[in-house]
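Q: Structure provided below as structure tokens; questions to follow.
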Amino acid sequence: MVAGILAYGWLTDFRTVSVLMIALVVVLALLGEVIENWIGFRFAKRYGGSNRSGWGALIGGLVGAFIGVPIALIGSVIGAFIGSFIGAALFELSYSRHLGVATRAGWGAVVGRAAAAAVKIAIGVMIAAIGVFAALS
């Protein structure tokens with residue numbers, strides 16, 4: 001979306017896309033990424049995991065999103081959910097050696113990933129509204 005707004009600005013000689021608007025969109029996009037990773041980390045810990053499970057959720061989610069699942073358009077999202085669960089559970093299992101604790105931490109990572117997706121969608125809607133505002137100005 002950021003690239004789309006930049007491309008629109010470039011195509012229109014930046015008549016309606018200001019530096020402030022670009023900065024706002026970039027900050028919102030970065031905020032979305034930070035919040036997404038932070039929420040997954042926090043939920044893994046909230047569900048009884050250690051710091052290690054939080055890192056597992058973060059790393060597993062990133063790897064899962066990169067690898068994805070062979071489903072068009074949503075494969076990387078599903079991969080991120082699966083990766084978060086597996087990462088948090090494996091990292092916690094290596095620390096606590098209790099399958100129940102590891103499973104709860106993995107589930108917390110999935111819940112956190114879902115909450116993070118909701119926040120990221122809301123930020124995406126804000127970025128889209130800024131883009132539409134630029135196009136209609």
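Lettering and numbering for the structure tokens are positional, with chains as A, B, ... in the shown order, residues counted from 1 in each chain, and ligands counted from 1 in the shown order.
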Contacts of Phe91 in chain A at 12 Å or less, counting only C-alpha atoms, minus same-chain residues fewer than 2 places along, as a ChimeraX atom specification?

A: /A:44-45,49-60,83-89,93-99,101-103,105-106,109

Q: Within 10 Å of Met21 in chain A, counting only C-alpha atoms, which residues show up once you throw out same-chain ones fewer than 2 positions away? Write them as a PyMOL selection string, please.

A: chain A and resi 5-6+16-19+23-27+127+130-131+134

Q: Residues of range 3-83 of chain A in helix (DSSP H, G or I) according to DSSP, as a PyMOL selection string?

A: chain A and resi 3-11+19-46+51-67+75-83

Q: Which residues, written as JSON, numbers by chain, have at least one atom at most 8 Å from range 32-38 of chain A, with only C-alpha atoms counted and residues fewer than 5 positions away on the same chain left out?

A: {"A": [58, 113, 116, 117, 119, 120, 123]}

Q: Give me the residues within 12 Å of Ile67 in chain A as an MDAnalysis selection string, counting only C-alpha atoms and dropping any in the same chain fewer than 6 places off.

A: chainID A and resid 60:61 74:83

Q: Only all heavy atoms, please: the residues just picked out, written as a JSON list (two decimals), in the first residue's frame.

A:
```
[["chain", "number", "residue", "atom", "x", "y", "z"],
["A", 60, "GLY", "N", 9.01, -18.23, 14.48],
["A", 60, "GLY", "CA", 8.14, -19.19, 13.77],
["A", 60, "GLY", "C", 7.13, -18.51, 12.87],
["A", 60, "GLY", "O", 6.86, -18.97, 11.76],
["A", 61, "GLY", "N", 6.58, -17.39, 13.32],
["A", 61, "GLY", "CA", 5.62, -16.65, 12.49],
["A", 61, "GLY", "C", 6.26, -16.09, 11.24],
["A", 61, "GLY", "O", 5.69, -16.13, 10.15],
["A", 74, "ILE", "N", -3.83, -16.47, 0.59],
["A", 74, "ILE", "CA", -3.80, -16.52, 2.05],
["A", 74, "ILE", "C", -2.81, -17.54, 2.60],
["A", 74, "ILE", "O", -2.76, -17.76, 3.80],
["A", 74, "ILE", "CB", -5.20, -16.80, 2.64],
["A", 74, "ILE", "CG1", -5.74, -18.15, 2.16],
["A", 74, "ILE", "CG2", -6.17, -15.68, 2.32],
["A", 74, "ILE", "CD1", -6.96, -18.61, 2.90],
["A", 75, "GLY", "N", -2.02, -18.15, 1.74],
["A", 75, "GLY", "CA", -1.05, -19.16, 2.18],
["A", 75, "GLY", "C", -0.05, -18.64, 3.18],
["A", 75, "GLY", "O", 0.29, -19.33, 4.16],
["A", 76, "SER", "N", 0.43, -17.43, 2.98],
["A", 76, "SER", "CA", 1.42, -16.88, 3.92],
["A", 76, "SER", "C", 0.79, -16.55, 5.27],
["A", 76, "SER", "O", 1.44, -16.67, 6.31],
["A", 76, "SER", "CB", 2.10, -15.65, 3.34],
["A", 76, "SER", "OG", 1.17, -14.63, 3.14],
["A", 77, "VAL", "N", -0.47, -16.17, 5.27],
["A", 77, "VAL", "CA", -1.16, -15.88, 6.54],
["A", 77, "VAL", "C", -1.34, -17.18, 7.34],
["A", 77, "VAL", "O", -1.05, -17.22, 8.54],
["A", 77, "VAL", "CB", -2.53, -15.21, 6.28],
["A", 77, "VAL", "CG1", -3.30, -15.04, 7.56],
["A", 77, "VAL", "CG2", -2.34, -13.88, 5.58],
["A", 78, "ILE", "N", -1.79, -18.22, 6.66],
["A", 78, "ILE", "CA", -1.95, -19.51, 7.33],
["A", 78, "ILE", "C", -0.59, -20.01, 7.82],
["A", 78, "ILE", "O", -0.47, -20.52, 8.94],
["A", 78, "ILE", "CB", -2.62, -20.53, 6.39],
["A", 78, "ILE", "CG1", -4.05, -20.09, 6.08],
["A", 78, "ILE", "CG2", -2.62, -21.93, 7.00],
["A", 78, "ILE", "CD1", -4.72, -20.87, 4.98],
["A", 79, "GLY", "N", 0.43, -19.86, 6.99],
["A", 79, "GLY", "CA", 1.78, -20.26, 7.39],
["A", 79, "GLY", "C", 2.26, -19.51, 8.62],
["A", 79, "GLY", "O", 2.93, -20.08, 9.48],
["A", 80, "ALA", "N", 1.93, -18.23, 8.71],
["A", 80, "ALA", "CA", 2.33, -17.43, 9.87],
["A", 80, "ALA", "C", 1.66, -17.95, 11.15],
["A", 80, "ALA", "O", 2.29, -18.01, 12.21],
["A", 80, "ALA", "CB", 2.01, -15.96, 9.65],
["A", 81, "PHE", "N", 0.38, -18.31, 11.05],
["A", 81, "PHE", "CA", -0.33, -18.85, 12.21],
["A", 81, "PHE", "C", 0.28, -20.18, 12.64],
["A", 81, "PHE", "O", 0.57, -20.39, 13.82],
["A", 81, "PHE", "CB", -1.83, -19.05, 11.90],
["A", 81, "PHE", "CG", -2.64, -17.81, 12.05],
["A", 81, "PHE", "CD1", -2.86, -16.97, 10.98],
["A", 81, "PHE", "CD2", -3.20, -17.48, 13.26],
["A", 81, "PHE", "CE1", -3.62, -15.82, 11.11],
["A", 81, "PHE", "CE2", -3.97, -16.34, 13.41],
["A", 81, "PHE", "CZ", -4.17, -15.50, 12.34],
["A", 82, "ILE", "N", 0.50, -21.07, 11.68],
["A", 82, "ILE", "CA", 1.08, -22.37, 11.98],
["A", 82, "ILE", "C", 2.50, -22.21, 12.52],
["A", 82, "ILE", "O", 2.87, -22.84, 13.51],
["A", 82, "ILE", "CB", 1.05, -23.27, 10.74],
["A", 82, "ILE", "CG1", -0.39, -23.61, 10.36],
["A", 82, "ILE", "CG2", 1.85, -24.56, 10.96],
["A", 82, "ILE", "CD1", -0.54, -24.28, 9.00],
["A", 83, "GLY", "N", 3.28, -21.35, 11.88],
["A", 83, "GLY", "CA", 4.65, -21.12, 12.33],
["A", 83, "GLY", "C", 4.71, -20.54, 13.72],
["A", 83, "GLY", "O", 5.59, -20.91, 14.52]]
```

Q: Looking at A:Ile22, A:Trp107, A:Ala114, A:Leu73, which one is nearest to Val2 in chain A, with distances taken over only C-alpha atoms?

A: A:Ile22

Q: Between CA of Phe133 in chain A and CA of Leu30 in chain A, measure the distance and give it in Å to one decimal.

A: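 Result for CA of Phe133 in chain A versus CA of Leu30 in chain A: 20.4 Å, one decimal.
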